[in-house]
Amino acid sequence: MQRIAVCPGSFDPITNGHMDIIGRGAQIFDKVYVCILNNSSKKSLFTKEERIRLIEEATKCFPNVVVDAYNGLLVDYAKKVDAQVILRGLRAVSDFEYEMRITSMNRKLDEQIETFFMMTNNQYSFLSSSIVKEVAKYNGNISDLVPPVVEKALKEKYMRKEQ
């Protein structure tokens, strides 16, 4: 039986913190679906199609990673792709409370799907897509925070907004 995991998120944009979790997950699981889920509480900078393209480019070094998007419940997506595990990254204790609530609801919806928490590398413990966008917006150096394809896309996005 293949060990399949889903790594969900809004990935707006994908950061090196996300890449750390995805890459380490790809070493543990036979297949990892990186699934863009719609977060109604966030306004996205990149379209779903742009995020898919950026993530596919950033993760092409992992042959067992598949990029997808889904509108609906995460547990329904996990069932659709036969995943047994939801892979989530934790940066700090503050993430744990939020993740615990989500995990509890997912267990209530489907107790067959486990959540696998992975601590992010310490060098990315402060990193979030929101912070990256804020720094990029004011032309700060983000080269060590995101994959090169994302850095380029952010620069282009904010240059267009200025014009």
# chains A, B, ... in the order shown; residues from 1 in each chain; ligands from 1
call {"tool": "residues_around", "arguments": {"residues": "stretch 11-18 of chain A", "least_positions_apart": "5", "cutoff": "6 Å", "atoms": "only C-alpha atoms", "output": "PyMOL selection string"}}
result
chain A and resi 124+129+145-146
call {"tool": "select_by_dssp", "arguments": {"residues": "chain A", "states": "alpha helix (DSSP H)", "output": "number ranges by chain"}}
result
A: 16-28, 48-58, 74-80, 93-109, 129-137, 148-162
call {"tool": "closest_residue", "arguments": {"among": "A:Asn121, A:Ala5, A:Lys137, A:Thr103", "to": "A:Gly25", "atoms": "only C-alpha atoms"}}
result
A:Ala5
call {"tool": "residues_around", "arguments": {"residues": "A:Phe62", "least_positions_apart": "5", "cutoff": "10 Å", "atoms": "only C-alpha atoms", "output": "count of residues only"}}
result
7
call {"tool": "residues_around", "arguments": {"residues": "A:Val66", "least_positions_apart": "2", "cutoff": "12 Å", "atoms": "only C-alpha atoms", "output": "NGL selection string"}}
result
:A and (4-8 or 22 or 26 or 30-36 or 52-53 or 55-64 or 68-69 or 81)
call {"tool": "closest_residue", "arguments": {"among": "A:Leu45, A:Ile28, A:Leu73, A:Val93", "to": "A:Glu134", "atoms": "only C-alpha atoms"}}
result
A:Leu45
call {"tool": "closest_residue", "arguments": {"among": "A:Asn71, A:Ser143, A:Thr120, A:Gln2", "to": "A:Gln84", "atoms": "only C-alpha atoms"}}
result
A:Gln2
call {"tool": "residues_around", "arguments": {"residues": "A:Thr115", "least_positions_apart": "5", "cutoff": "7 Å", "atoms": "only C-alpha atoms", "output": "short mmCIF file (atom, residue, chain, number, x, y, z; two decimals) with N, CA, C and O atoms, in the first residue's frame"}}
result
data_model
loop_
_atom_site.label_atom_id
_atom_site.label_comp_id
_atom_site.auth_asym_id
_atom_site.auth_seq_id
_atom_site.Cartn_x
_atom_site.Cartn_y
_atom_site.Cartn_z
N VAL A 85 -2.89 10.50 5.21
CA VAL A 85 -2.24 11.46 6.09
C VAL A 85 -2.39 12.88 5.57
O VAL A 85 -2.30 13.12 4.37
N ILE A 86 -2.60 13.80 6.50
CA ILE A 86 -2.53 15.23 6.23
C ILE A 86 -1.21 15.70 6.84
O ILE A 86 -0.97 15.49 8.02
N LEU A 87 -0.37 16.29 6.01
CA LEU A 87 0.96 16.74 6.44
C LEU A 87 0.90 18.24 6.72
O LEU A 87 0.55 19.03 5.84
N THR A 103 -7.21 19.90 13.25
CA THR A 103 -7.01 18.45 13.31
C THR A 103 -8.19 17.76 14.00
O THR A 103 -8.66 16.72 13.54
#
call {"tool": "closest_residue", "arguments": {"among": "A:Leu154, A:Ile113, A:Ala78, A:Met118", "to": "A:Glu99", "atoms": "only C-alpha atoms"}}
result
A:Met118
call {"tool": "atom_distance", "arguments": {"atom1": "atom CA of A:Arg24", "atom2": "atom CA of A:Leu109"}}
result
26.9 Å
call {"tool": "select_by_dssp", "arguments": {"residues": "stretch 28-128 of chain A", "states": "strand (DSSP E or B)", "output": "PDB file with N, CA, C and O atoms, in the first residue's frame"}}
result
ATOM      1  N   LYS A  31       3.955   9.435  -1.995  1.00  0.00           N
ATOM      2  CA  LYS A  31       3.412  10.512  -2.821  1.00  0.00           C
ATOM      3  C   LYS A  31       2.912  11.613  -1.895  1.00  0.00           C
ATOM      4  O   LYS A  31       2.296  11.329  -0.867  1.00  0.00           O
ATOM      5  N   VAL A  32       3.177  12.864  -2.270  1.00  0.00           N
ATOM      6  CA  VAL A  32       2.690  14.019  -1.519  1.00  0.00           C
ATOM      7  C   VAL A  32       1.916  14.911  -2.485  1.00  0.00           C
ATOM      8  O   VAL A  32       2.472  15.366  -3.494  1.00  0.00           O
ATOM      9  N   TYR A  33       0.651  15.117  -2.172  1.00  0.00           N
ATOM     10  CA  TYR A  33      -0.163  16.060  -2.928  1.00  0.00           C
ATOM     11  C   TYR A  33      -0.084  17.409  -2.225  1.00  0.00           C
ATOM     12  O   TYR A  33      -0.478  17.524  -1.064  1.00  0.00           O
ATOM     13  N   VAL A  34       0.456  18.408  -2.914  1.00  0.00           N
ATOM     14  CA  VAL A  34       0.448  19.772  -2.404  1.00  0.00           C
ATOM     15  C   VAL A  34      -0.844  20.373  -2.935  1.00  0.00           C
ATOM     16  O   VAL A  34      -1.006  20.561  -4.140  1.00  0.00           O
ATOM     17  N   CYS A  35      -1.767  20.623  -2.024  1.00  0.00           N
ATOM     18  CA  CYS A  35      -3.111  21.018  -2.426  1.00  0.00           C
ATOM     19  C   CYS A  35      -3.415  22.452  -1.991  1.00  0.00           C
ATOM     20  O   CYS A  35      -3.419  22.757  -0.795  1.00  0.00           O
ATOM     21  N   ILE A  36      -3.684  23.292  -2.973  1.00  0.00           N
ATOM     22  CA  ILE A  36      -4.083  24.668  -2.696  1.00  0.00           C
ATOM     23  C   ILE A  36      -5.563  24.643  -2.334  1.00  0.00           C
ATOM     24  O   ILE A  36      -6.401  24.216  -3.127  1.00  0.00           O
ATOM     25  N   LEU A  37      -5.840  25.077  -1.124  1.00  0.00           N
ATOM     26  CA  LEU A  37      -7.215  25.182  -0.673  1.00  0.00           C
ATOM     27  C   LEU A  37      -7.585  26.658  -0.571  1.00  0.00           C
ATOM     28  O   LEU A  37      -6.738  27.496  -0.254  1.00  0.00           O
ATOM     29  N   VAL A  65       5.937  14.477  -5.876  1.00  0.00           N
ATOM     30  CA  VAL A  65       5.049  15.559  -5.450  1.00  0.00           C
ATOM     31  C   VAL A  65       4.125  15.935  -6.607  1.00  0.00           C
ATOM     32  O   VAL A  65       4.570  16.129  -7.733  1.00  0.00           O
ATOM     33  N   VAL A  66       2.841  16.013  -6.294  1.00  0.00           N
ATOM     34  CA  VAL A  66       1.810  16.398  -7.261  1.00  0.00           C
ATOM     35  C   VAL A  66       1.152  17.671  -6.735  1.00  0.00           C
ATOM     36  O   VAL A  66       0.811  17.750  -5.556  1.00  0.00           O
ATOM     37  N   VAL A  67       0.964  18.655  -7.605  1.00  0.00           N
ATOM     38  CA  VAL A  67       0.345  19.914  -7.213  1.00  0.00           C
ATOM     39  C   VAL A  67      -1.089  19.927  -7.720  1.00  0.00           C
ATOM     40  O   VAL A  67      -1.365  19.570  -8.867  1.00  0.00           O
ATOM     41  N   ASP A  68      -2.005  20.351  -6.853  1.00  0.00           N
ATOM     42  CA  ASP A  68      -3.420  20.341  -7.189  1.00  0.00           C
ATOM     43  C   ASP A  68      -4.112  21.467  -6.436  1.00  0.00           C
ATOM     44  O   ASP A  68      -3.507  22.127  -5.587  1.00  0.00           O
ATOM     45  N   ALA A  69      -5.368  21.686  -6.744  1.00  0.00           N
ATOM     46  CA  ALA A  69      -6.189  22.665  -6.025  1.00  0.00           C
ATOM     47  C   ALA A  69      -7.557  22.032  -5.794  1.00  0.00           C
ATOM     48  O   ALA A  69      -7.976  21.142  -6.545  1.00  0.00           O
ATOM     49  N   TYR A  70      -8.220  22.490  -4.744  1.00  0.00           N
ATOM     50  CA  TYR A  70      -9.512  21.897  -4.397  1.00  0.00           C
ATOM     51  C   TYR A  70     -10.366  22.925  -3.674  1.00  0.00           C
ATOM     52  O   TYR A  70      -9.858  23.674  -2.837  1.00  0.00           O
ATOM     53  N   VAL A  85      -2.888  10.501   5.210  1.00  0.00           N
ATOM     54  CA  VAL A  85      -2.239  11.460   6.095  1.00  0.00           C
ATOM     55  C   VAL A  85      -2.393  12.883   5.572  1.00  0.00           C
ATOM     56  O   VAL A  85      -2.300  13.119   4.366  1.00  0.00           O
ATOM     57  N   ILE A  86      -2.604  13.802   6.505  1.00  0.00           N
ATOM     58  CA  ILE A  86      -2.526  15.232   6.229  1.00  0.00           C
ATOM     59  C   ILE A  86      -1.209  15.699   6.837  1.00  0.00           C
ATOM     60  O   ILE A  86      -0.966  15.494   8.023  1.00  0.00           O
ATOM     61  N   LEU A  87      -0.368  16.285   6.011  1.00  0.00           N
ATOM     62  CA  LEU A  87       0.956  16.744   6.435  1.00  0.00           C
ATOM     63  C   LEU A  87       0.896  18.240   6.720  1.00  0.00           C
ATOM     64  O   LEU A  87       0.546  19.029   5.838  1.00  0.00           O
ATOM     65  N   ARG A  88       1.229  18.615   7.950  1.00  0.00           N
ATOM     66  CA  ARG A  88       1.178  20.029   8.348  1.00  0.00           C
ATOM     67  C   ARG A  88       2.495  20.436   8.989  1.00  0.00           C
ATOM     68  O   ARG A  88       3.090  19.673   9.750  1.00  0.00           O
ATOM     69  N   GLY A  89       2.927  21.639   8.690  1.00  0.00           N
ATOM     70  CA  GLY A  89       4.133  22.188   9.287  1.00  0.00           C
ATOM     71  C   GLY A  89       3.796  23.049  10.489  1.00  0.00           C
ATOM     72  O   GLY A  89       2.774  23.733  10.501  1.00  0.00           O
ATOM     73  N   LEU A  90       4.635  22.987  11.486  1.00  0.00           N
ATOM     74  CA  LEU A  90       4.487  23.834  12.680  1.00  0.00           C
ATOM     75  C   LEU A  90       5.723  24.710  12.798  1.00  0.00           C
ATOM     76  O   LEU A  90       6.849  24.221  12.749  1.00  0.00           O
ATOM     77  N   GLU A 114      -5.128  10.522   9.383  1.00  0.00           N
ATOM     78  CA  GLU A 114      -4.250  11.022  10.441  1.00  0.00           C
ATOM     79  C   GLU A 114      -3.622  12.352  10.039  1.00  0.00           C
ATOM     80  O   GLU A 114      -3.444  12.616   8.842  1.00  0.00           O
ATOM     81  N   THR A 115      -3.256  13.147  11.024  1.00  0.00           N
ATOM     82  CA  THR A 115      -2.496  14.366  10.763  1.00  0.00           C
ATOM     83  C   THR A 115      -1.075  14.157  11.261  1.00  0.00           C
ATOM     84  O   THR A 115      -0.863  13.671  12.366  1.00  0.00           O
ATOM     85  N   PHE A 116      -0.129  14.489  10.414  1.00  0.00           N
ATOM     86  CA  PHE A 116       1.296  14.316  10.685  1.00  0.00           C
ATOM     87  C   PHE A 116       1.889  15.710  10.796  1.00  0.00           C
ATOM     88  O   PHE A 116       1.940  16.450   9.808  1.00  0.00           O
ATOM     89  N   PHE A 117       2.308  16.100  12.006  1.00  0.00           N
ATOM     90  CA  PHE A 117       2.909  17.411  12.215  1.00  0.00           C
ATOM     91  C   PHE A 117       4.417  17.309  12.088  1.00  0.00           C
ATOM     92  O   PHE A 117       5.037  16.395  12.620  1.00  0.00           O
ATOM     93  N   MET A 118       4.990  18.266  11.395  1.00  0.00           N
ATOM     94  CA  MET A 118       6.429  18.309  11.218  1.00  0.00           C
ATOM     95  C   MET A 118       6.899  19.715  11.607  1.00  0.00           C
ATOM     96  O   MET A 118       6.351  20.704  11.116  1.00  0.00           O
ATOM     97  N   MET A 119       7.873  19.770  12.493  1.00  0.00           N
ATOM     98  CA  MET A 119       8.437  21.069  12.871  1.00  0.00           C
ATOM     99  C   MET A 119       9.271  21.597  11.710  1.00  0.00           C
ATOM    100  O   MET A 119      10.073  20.868  11.136  1.00  0.00           O
TER     101      MET A 119
END
call {"tool": "closest_residue", "arguments": {"among": "A:Lys152, A:Tyr77, A:Glu50, A:Ala83", "to": "A:Phe29", "atoms": "only C-alpha atoms"}}
result
A:Ala83
call {"tool": "atom_distance", "arguments": {"atom1": "atom CA of A:Tyr158", "atom2": "atom CA of A:Ile131"}}
result
14.5 Å
call {"tool": "atom_distance", "arguments": {"atom1": "atom CA of A:Ser40", "atom2": "atom CA of A:Gly140"}}
result
27.8 Å
